[in-house]
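Asks: This is the content of data_4.cif (mmCIF, C-alpha atoms):
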data_query
loop_
_atom_site.label_atom_id
_atom_site.label_comp_id
_atom_site.auth_asym_id
_atom_site.auth_seq_id
_atom_site.Cartn_x
_atom_site.Cartn_y
_atom_site.Cartn_z
CA MET A 1 169.11 89.19 245.99
CA SER A 2 166.10 90.75 244.37
CA ALA A 3 162.97 90.81 246.44
CA THR A 4 161.06 89.40 243.50
CA VAL A 5 161.82 85.76 242.80
CA SER A 6 160.57 84.43 239.49
CA VAL A 7 159.02 80.99 239.27
CA HIS A 8 157.55 79.18 236.32
CA THR A 9 154.17 77.59 236.86
CA SER A 10 151.83 75.54 234.76
CA LEU A 11 148.75 77.44 235.92
CA PRO A 12 145.97 78.08 233.42
CA ASP A 13 145.04 81.68 232.71
CA PRO A 14 142.64 82.65 235.51
CA HIS A 15 140.87 85.05 233.13
CA ALA A 16 139.74 82.09 231.07
CA ALA A 17 137.18 81.09 233.67
CA GLY A 18 136.59 84.21 235.72
CA HIS A 19 137.69 87.75 236.44
CA ALA A 20 140.74 88.01 238.66
CA ASP A 21 140.65 90.45 241.56
CA PRO A 22 142.93 93.25 240.24
CA ALA A 23 144.19 94.08 243.74
CA LEU A 24 145.14 90.51 244.65
CA ARG A 25 148.34 89.93 242.71
CA PRO A 26 149.96 93.26 243.72
CA LEU A 27 149.09 92.36 247.32
CA ILE A 28 150.76 88.97 246.87
CA GLU A 29 153.92 90.67 245.62
CA ARG A 30 153.96 93.06 248.60
CA PHE A 31 153.51 90.11 250.95
CA LEU A 32 156.41 88.19 249.36
CA THR A 33 158.63 91.25 249.46
CA ASN A 34 157.81 91.62 253.15
CA LEU A 35 158.68 87.95 253.77
CA TRP A 36 162.02 88.39 252.04
CA SER A 37 162.97 91.59 253.82
CA GLU A 38 161.61 90.83 257.30
CA ALA A 39 161.84 87.04 257.65
CA GLY A 40 164.85 86.40 255.42
CA LEU A 41 163.31 83.32 253.82
CA ALA A 42 165.25 81.42 251.18
CA ASP A 43 164.65 82.04 247.48
CA ALA A 44 163.16 78.58 247.05
CA THR A 45 160.66 79.20 249.87
CA ILE A 46 159.59 82.53 248.41
CA ALA A 47 159.16 80.91 244.99
CA ALA A 48 157.06 78.10 246.50
CA TYR A 49 154.85 80.60 248.35
CA ARG A 50 154.34 82.57 245.14
CA HIS A 51 153.22 79.43 243.32
CA ASP A 52 150.85 78.47 246.15
CA LEU A 53 149.26 81.93 246.23
CA GLU A 54 148.90 82.04 242.44
CA VAL A 55 146.97 78.78 242.66
CA LEU A 56 144.72 80.43 245.27
CA ALA A 57 144.27 83.51 243.05
CA GLU A 58 143.28 81.32 240.11
CA TYR A 59 140.83 79.38 242.28
CA LEU A 60 139.17 82.59 243.54
CA ALA A 61 138.96 84.00 240.01
CA ARG A 62 137.32 80.87 238.66
CA ARG A 63 134.70 81.01 241.38
CA ARG A 64 134.31 84.80 241.23
CA ILE A 65 135.22 85.18 244.91
CA VAL A 66 136.36 88.66 245.95
CA PHE A 67 139.43 88.30 248.14
CA ARG A 68 138.40 91.07 250.55
CA GLN A 69 135.27 89.04 251.36
CA LEU A 70 137.13 85.73 251.77
CA THR A 71 135.61 83.48 254.45
CA PRO A 72 136.96 80.44 256.32
CA GLN A 73 134.53 78.30 254.31
CA ASP A 74 136.09 79.59 251.08
CA VAL A 75 139.49 78.45 252.31
CA GLN A 76 138.11 75.06 253.36
CA ASN A 77 136.60 74.67 249.89
CA PHE A 78 139.99 75.56 248.42
CA LEU A 79 141.59 72.74 250.43
CA VAL A 80 138.94 70.32 249.14
CA TYR A 81 139.71 71.51 245.61
CA LEU A 82 143.42 70.77 246.12
CA LYS A 83 142.60 67.31 247.42
CA GLU A 84 139.82 66.18 245.07
CA GLU A 85 140.50 68.05 241.84
CA CYS A 86 144.28 68.50 241.99
CA GLY A 87 144.99 65.18 243.71
CA LEU A 88 147.46 66.58 246.22
CA ALA A 89 148.55 64.62 249.26
CA ILE A 90 147.73 65.91 252.74
CA SER A 91 151.38 66.87 253.29
CA SER A 92 151.36 69.00 250.13
CA ILE A 93 148.05 70.62 251.07
CA SER A 94 149.42 71.45 254.52
CA ARG A 95 152.39 73.22 252.99
CA ARG A 96 150.14 75.29 250.74
CA LEU A 97 147.89 76.16 253.65
CA VAL A 98 150.86 77.64 255.52
CA ALA A 99 151.34 80.12 252.68
CA VAL A 100 147.63 80.93 252.54
CA LYS A 101 147.35 81.50 256.30
CA LEU A 102 150.41 83.74 256.41
CA PHE A 103 149.11 85.72 253.46
CA CYS A 104 145.64 86.13 254.96
CA ARG A 105 147.13 87.29 258.26
CA TYR A 106 149.25 89.85 256.39
CA ALA A 107 146.24 91.04 254.36
CA TRP A 108 144.10 91.43 257.49
CA GLN A 109 146.82 93.36 259.32
CA HIS A 110 147.02 95.75 256.35
CA GLY A 111 143.27 96.23 256.04
CA GLN A 112 142.94 94.29 252.77
CA ILE A 113 140.53 91.62 254.04
CA ASP A 114 137.41 91.86 256.19
CA GLN A 115 138.29 89.14 258.71
CA ASP A 116 141.35 87.22 259.89
CA VAL A 117 140.46 83.85 258.41
CA SER A 118 143.91 82.47 259.31
CA MET A 119 142.79 82.08 262.93
CA GLN A 120 139.77 79.99 261.95
CA ILE A 121 141.40 77.40 259.68
CA GLU A 122 142.87 74.21 261.12
CA MET A 123 145.76 72.44 259.49
CA PRO A 124 144.70 69.11 257.94
CA LYS A 125 145.89 66.13 259.91
CA LYS A 126 148.60 64.16 258.19
CA TRP A 127 150.35 60.86 258.67
CA HIS A 128 153.85 60.92 260.07
CA TYR A 129 155.82 58.53 257.91
CA LEU A 130 158.90 56.96 259.42
CA PRO A 131 161.93 57.80 257.30
CA ARG A 132 163.87 55.04 255.63
CA VAL A 133 167.12 54.33 257.44
CA LEU A 134 170.06 52.11 256.52
CA ASN A 135 171.77 50.17 259.28
CA PRO A 136 175.40 51.04 260.08
CA LYS A 137 176.77 48.14 258.04
CA GLN A 138 174.78 49.24 254.99
CA VAL A 139 176.05 52.80 255.41
CA GLU A 140 179.64 51.53 255.57
CA THR A 141 179.05 49.64 252.33
CA LEU A 142 177.57 52.70 250.64
CA LEU A 143 180.48 54.90 251.70
CA SER A 144 182.92 52.40 250.20
CA MET A 145 181.19 52.30 246.81
CA PRO A 146 183.16 55.04 244.97
CA ASP A 147 185.75 53.16 242.90
CA ASP A 148 189.28 54.53 242.76
CA GLU A 149 189.21 53.96 239.00
CA ASP A 150 186.46 56.57 238.71
CA PRO A 151 188.08 59.98 238.05
CA LEU A 152 185.62 61.63 240.45
CA ALA A 153 185.83 59.02 243.20
CA LEU A 154 187.58 61.37 245.66
CA ARG A 155 184.80 63.93 245.35
CA ASP A 156 182.04 61.35 245.54
CA ARG A 157 183.56 59.72 248.61
CA ALA A 158 183.93 63.11 250.30
CA VAL A 159 180.28 63.95 249.54
CA LEU A 160 178.99 60.67 250.98
CA GLU A 161 181.23 60.82 254.05
CA LEU A 162 180.25 64.42 254.79
CA PHE A 163 176.53 63.68 254.42
CA TYR A 164 176.73 60.89 256.97
CA ALA A 165 179.16 62.70 259.28
CA SER A 166 177.21 65.95 259.50
CA GLY A 167 173.55 65.23 258.65
CA LEU A 168 173.45 68.24 256.32
CA ARG A 169 170.53 68.82 253.97
CA VAL A 170 171.46 68.51 250.31
CA SER A 171 171.03 72.27 249.77
CA GLU A 172 173.34 72.93 252.71
CA LEU A 173 176.02 70.57 251.47
CA VAL A 174 176.13 71.82 247.87
CA GLY A 175 176.12 75.39 249.20
CA LEU A 176 179.27 74.91 251.30
CA ARG A 177 182.12 77.28 250.50
CA LEU A 178 185.80 76.61 251.08
CA GLU A 179 185.83 78.97 254.06
CA ASP A 180 182.94 77.04 255.67
CA VAL A 181 185.03 73.89 256.12
CA HIS A 182 187.47 73.82 259.04
CA LEU A 183 189.29 70.52 258.83
CA ASP A 184 191.92 71.31 261.48
CA VAL A 185 189.27 71.65 264.19
CA GLY A 186 186.75 69.27 262.62
CA TYR A 187 183.59 71.20 261.85
CA VAL A 188 181.62 72.78 259.02
CA ARG A 189 179.58 75.96 259.09
CA CYS A 190 176.36 75.84 257.10
CA PHE A 191 173.32 78.00 256.50
CA GLY A 192 170.01 76.16 256.81
CA LYS A 193 166.38 77.11 256.36
CA GLY A 194 165.79 80.81 256.76
CA SER A 195 169.56 81.40 256.37
CA LYS A 196 170.09 80.27 259.96
CA GLU A 197 173.73 79.55 260.63
CA ARG A 198 174.88 76.52 262.59
CA ILE A 199 178.10 74.68 263.34
CA VAL A 200 178.22 70.90 262.84
CA PRO A 201 181.11 68.62 263.86
CA MET A 202 182.56 66.10 261.43
CA GLY A 203 184.39 62.87 262.21
CA GLN A 204 187.94 61.93 261.28
CA GLN A 205 186.97 59.75 258.32
CA ALA A 206 184.98 62.58 256.78
CA ILE A 207 187.85 64.99 257.47
CA ASN A 208 190.27 62.65 255.70
CA ALA A 209 187.93 62.20 252.71
CA VAL A 210 187.39 65.95 252.27
CA ARG A 211 191.10 66.67 252.67
CA ASP A 212 192.01 64.08 250.01
CA TYR A 213 189.47 65.64 247.65
CA LEU A 214 190.77 69.18 248.29
CA GLU A 215 194.40 68.21 247.83
CA HIS A 216 194.23 65.79 244.92
CA LEU A 217 191.09 66.41 242.84
CA ARG A 218 189.53 69.82 243.35
CA PRO A 219 192.55 71.71 241.92
CA GLN A 220 192.04 69.74 238.69
CA LEU A 221 188.34 70.65 238.52
CA VAL A 222 188.66 74.41 239.08
CA ASP A 223 187.92 76.12 235.76
CA GLY A 224 189.77 79.35 236.48
CA THR A 225 186.70 81.36 237.45
CA GLY A 226 187.67 81.52 241.10
CA CYS A 227 184.63 79.55 242.31
CA ASN A 228 184.79 79.13 246.09
CA ARG A 229 182.24 76.33 246.39
CA LEU A 230 183.60 73.25 248.11
CA PHE A 231 182.20 70.66 245.72
CA LEU A 232 182.55 71.07 241.96
CA SER A 233 181.22 69.19 238.94
CA ARG A 234 183.50 67.61 236.37
CA THR A 235 183.26 70.87 234.38
CA GLY A 236 184.38 73.00 237.32
CA LYS A 237 180.96 74.47 238.03
CA PRO A 238 179.33 74.33 241.51
CA PHE A 239 177.91 70.89 242.24
CA ASP A 240 174.10 71.25 242.31
CA ARG A 241 171.23 69.52 244.09
CA THR A 242 170.21 67.39 241.12
CA ASN A 243 173.67 65.97 240.49
CA CYS A 244 174.14 65.39 244.21
CA TRP A 245 170.90 63.40 244.31
CA ARG A 246 172.00 61.38 241.27
CA LEU A 247 175.33 60.64 242.93
CA VAL A 248 173.72 59.09 246.00
CA VAL A 249 171.22 57.10 243.92
CA LYS A 250 174.01 55.80 241.66
CA TYR A 251 175.98 54.32 244.54
CA ALA A 252 172.86 53.01 246.25
CA ARG A 253 171.94 51.13 243.08
CA ARG A 254 175.53 49.88 242.78
CA MET A 255 175.31 48.31 246.24
CA GLY A 256 171.92 46.78 245.39
CA VAL A 257 169.60 49.03 247.39
CA THR A 258 166.21 49.41 245.72
CA GLY A 259 163.36 51.78 246.44
CA LYS A 260 163.51 55.42 247.44
CA LEU A 261 166.93 56.47 248.65
CA SER A 262 168.29 60.02 248.47
CA PRO A 263 170.78 62.35 250.16
CA HIS A 264 168.14 62.87 252.85
CA THR A 265 168.42 59.16 253.70
CA LEU A 266 171.94 59.77 254.96
CA ARG A 267 170.61 62.65 257.07
CA HIS A 268 168.09 60.20 258.55
CA CYS A 269 170.90 57.70 259.21
CA PHE A 270 173.01 60.38 260.88
CA ALA A 271 170.24 61.26 263.34
CA THR A 272 169.02 57.72 264.00
CA HIS A 273 172.48 56.26 264.63
CA LEU A 274 173.42 59.10 266.98
CA LEU A 275 170.27 58.61 269.05
CA SER A 276 170.66 54.82 268.99
CA ASN A 277 174.09 55.19 270.53
CA GLY A 278 172.86 57.42 273.35
CA ALA A 279 173.26 60.97 271.99
CA ASP A 280 171.17 63.65 273.69
CA ILE A 281 168.16 64.51 271.55
CA ARG A 282 168.65 68.25 272.13
CA MET A 283 172.17 68.02 270.72
CA VAL A 284 170.92 66.09 267.70
CA GLN A 285 168.22 68.72 267.20
CA GLU A 286 170.90 71.42 267.20
CA MET A 287 173.09 69.56 264.69
CA LEU A 288 170.15 68.92 262.36
CA GLY A 289 168.99 72.52 262.55
CA HIS A 290 165.44 71.62 263.58
CA ALA A 291 163.44 74.54 264.96
CA ASP A 292 161.02 72.16 266.74
CA ILE A 293 162.22 69.17 268.73
CA ALA A 294 159.09 67.28 267.63
CA THR A 295 160.71 66.99 264.21
CA THR A 296 163.75 65.35 265.77
CA GLN A 297 161.69 63.00 267.90
CA ILE A 298 160.59 60.97 264.90
CA TYR A 299 164.09 59.46 264.88
CA THR A 300 163.48 57.94 268.30
CA HIS A 301 160.90 55.63 266.70
CA VAL A 302 162.78 54.19 263.75
CA ASP A 303 165.33 51.96 265.45
CA SER A 304 163.18 48.84 265.76
CA ALA A 305 166.08 46.62 266.83
CA ARG A 306 166.83 48.86 269.80
CA LEU A 307 163.16 49.01 270.78
CA LYS A 308 162.94 45.22 270.65
CA ALA A 309 166.04 44.85 272.82
CA ILE A 310 164.65 47.27 275.40
CA HIS A 311 161.33 45.42 275.41
CA GLN A 312 163.03 42.07 275.93
CA LYS A 313 165.23 43.46 278.71
CA PHE A 314 162.59 45.26 280.73
CA HIS A 315 159.19 43.71 280.07
CA PRO A 316 158.23 41.31 282.89
CA ARG A 317 156.73 38.63 280.64
CA GLN A 318 159.65 37.44 278.53
#
Could you write out this file's structure as structure tokens?
Replies:
Amino acid sequence: MSATVSVHTSLPDPHAAGHADPALRPLIERFLTNLWSEAGLADATIAAYRHDLEVLAEYLARRRIVFRQLTPQDVQNFLVYLKEECGLAISSISRRLVAVKLFCRYAWQHGQIDQDVSMQIEMPKKWHYLPRVLNPKQVETLLSMPDDEDPLALRDRAVLELFYASGLRVSELVGLRLEDVHLDVGYVRCFGKGSKERIVPMGQQAINAVRDYLEHLRPQLVDGTGCNRLFLSRTGKPFDRTNCWRLVVKYARRMGVTGKLSPHTLRHCFATHLLSNGADIRMVQEMLGHADIATTQIYTHVDSARLKAIHQKFHPRQ
């Protein structure tokens, strides 16, 4: 991998409204190179950070703010700009602020900024939205949607079963290689955020679905290039995130589910149904690949039926 990850942005030319700090963009590149080499962040994360910092650079140029003299108030004004002029949601602003704070800390440590503004900026408070979750019966219906008359039904069924059986992120699932799947012992090895490796068990129905796909369909899809990805498109190329998202949406629409539903919904179902049936939250955290257990804890709040049953059983005034 190259340390420089290209990303296309729709940013206006910062020179059109101000004079860019000539030292800022080289500093951004050094920072991103450091993140890649020291932290091992994924390409997509590096690209997102570059975009966020280019937005900051444009903002500073337009307002003729010298980066070395950046103050906490300048950063606060930048957040207001993202909210009021760019119309970003609090969650999006929070993500951009992470990049800005890391960059400012790096710049201060390397003597490129007069003060460590990262220590003086608070993250904006954001709502914690409960994820959408299908009940077990709905999941069973979704998993049965691929029609045997569809030439790609074996692949689609294997994808859906593996999502629900393992709780993988879509990027993790489409990135699986043949050697990452161990059907005889019932687990997959995946690489999550920050290239962190983890082992996730898979149930017998998912094992059967993946085995059927490997034995009866994948050999027909291989285009002779020796691709070792587990899931392939109809043309023999690696199955990508976009097509995986479309696959899930297609079958959700076929079963009559409306509204937002994506591969991540099956990840939510995986976690919620495990916890509802008594799984230890630390084990679920490990299987999901969450660095912070607080991220996993949101799934303890989405099973309203279970909460109601507990309330009825234990509350003294029933």
Asks: Take the PyMOL selection byres ((chain A and resi 149-166) around 9), apply it to the structure above, and return the hits as a CSV table (one decimal) with C-alpha atoms, in the frame of the given file.
Replies:
chain,number,residue,atom,x,y,z
A,139,VAL,CA,176.0,52.8,255.4
A,142,LEU,CA,177.6,52.7,250.6
A,143,LEU,CA,180.5,54.9,251.7
A,144,SER,CA,182.9,52.4,250.2
A,145,MET,CA,181.2,52.3,246.8
A,146,PRO,CA,183.2,55.0,245.0
A,147,ASP,CA,185.8,53.2,242.9
A,148,ASP,CA,189.3,54.5,242.8
A,167,GLY,CA,173.6,65.2,258.6
A,168,LEU,CA,173.4,68.2,256.3
A,169,ARG,CA,170.5,68.8,254.0
A,170,VAL,CA,171.5,68.5,250.3
A,173,LEU,CA,176.0,70.6,251.5
A,187,TYR,CA,183.6,71.2,261.8
A,188,VAL,CA,181.6,72.8,259.0
A,200,VAL,CA,178.2,70.9,262.8
A,201,PRO,CA,181.1,68.6,263.9
A,202,MET,CA,182.6,66.1,261.4
A,203,GLY,CA,184.4,62.9,262.2
A,205,GLN,CA,187.0,59.8,258.3
A,206,ALA,CA,185.0,62.6,256.8
A,207,ILE,CA,187.8,65.0,257.5
A,208,ASN,CA,190.3,62.6,255.7
A,209,ALA,CA,187.9,62.2,252.7
A,210,VAL,CA,187.4,66.0,252.3
A,211,ARG,CA,191.1,66.7,252.7
A,212,ASP,CA,192.0,64.1,250.0
A,213,TYR,CA,189.5,65.6,247.6
A,214,LEU,CA,190.8,69.2,248.3
A,216,HIS,CA,194.2,65.8,244.9
A,217,LEU,CA,191.1,66.4,242.8
A,218,ARG,CA,189.5,69.8,243.4
A,231,PHE,CA,182.2,70.7,245.7
A,232,LEU,CA,182.6,71.1,242.0
A,233,SER,CA,181.2,69.2,238.9
A,234,ARG,CA,183.5,67.6,236.4
A,244,CYS,CA,174.1,65.4,244.2
A,247,LEU,CA,175.3,60.6,242.9
A,248,VAL,CA,173.7,59.1,246.0
A,263,PRO,CA,170.8,62.4,250.2
A,264,HIS,CA,168.1,62.9,252.8
A,266,LEU,CA,171.9,59.8,255.0
A,267,ARG,CA,170.6,62.6,257.1
A,268,HIS,CA,168.1,60.2,258.6
A,269,CYS,CA,170.9,57.7,259.2
A,270,PHE,CA,173.0,60.4,260.9
A,287,MET,CA,173.1,69.6,264.7
A,288,LEU,CA,170.2,68.9,262.4
Asks: Write out as a ChimeraX atom specification the residues lying within 9 Å of A:Thr235, counting all atoms listed in the file and excluding same-chain residues fewer than 6 positions away.
Replies: /A:221-223
Asks: Have a look at A:His51, A:Arg253, A:Lys137, A:His110 and name the one nearest to A:Arg30; count all atoms listed in the file.
Replies: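 Closest to A:Arg30, using all atoms listed in the file: A:His110.
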Asks: Take the PyMOL selection byres ((chain A and resi 115) around 8), apply it to the structure above, and return the hits as a ChimeraX atom specification.
Replies: /A:69-71,108,113-114,116-117
Asks: Under the PyMOL selection byres ((chain A and resi 299) around 10), which residues of this model are included? Write them out as a ChimeraX atom specification.
Replies: /A:130-131,133,268-276,281,284,294-298,300-303
Asks: Looking at all atoms listed in the file, which of A:His182, A:Glu38, A:Leu32, A:Asp74 is the one that sits closest to A:Glu54?
Replies: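 So, comparing all the options, the nearest one is A:Leu32.
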Asks: Extract, using all atoms listed in the file, all DNA, RNA and protein residues at most 8 Å from A:Gly289, discarding same-chain residues fewer than 3 positions from it, and format them as a PyMOL selection string.
Replies: chain A and resi 192+198+285-286
Asks: I need the residue nearest A:Leu261 from this list: A:Ala291, A:Leu134, A:Ile199, A:Asp52. Use all atoms listed in the file for the distance.
Replies: A:Leu134
Asks: Nearest residue to A:Gln73 out of A:Leu27, A:Ala42, A:Glu122, A:Ala107, using only C-alpha atoms?
Replies: A:Glu122
Asks: Measuring atom to atom with all atoms listed in the file, identify which of A:Arg68, A:Lys250, A:Cys104, A:His290 is nearest to A:Glu197.
Replies: A:His290
Asks: Distance atom CA of A:Val66-atom CA of A:Ile90, one decimal place?
Replies: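 Atom CA of A:Val66 sits 26.3 Å away from atom CA of A:Ile90.
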Asks: Atom CA of A:Val174 to atom CA of A:Thr33: how many Å, to one decimal?
Replies: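 Going from atom CA of A:Val174 over to atom CA of A:Thr33, I get 26.2 Å.
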Asks: Could you name the residues that touch A:Val249 at 10 Å or less, counting all atoms listed in the file, but leaving out those on the same chain fewer than 6 positions away, as a PyMOL selection string?
Replies: chain A and resi 243+255+257-263
Asks: I'd like the interatomic distance between atom CA of A:Cys227 and atom CA of A:Arg177, to a tenth of an Å.
Replies: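 The value is 8.9 Å.
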Asks: Counting only C-alpha atoms, which residue out of A:Glu29, A:Asp240, A:Glu179, A:Asp21 sits closest to A:Phe103?
Replies: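 Going through A:Glu29, A:Asp240, A:Glu179, A:Asp21 one by one, the smallest distance to A:Phe103 is for A:Glu29.
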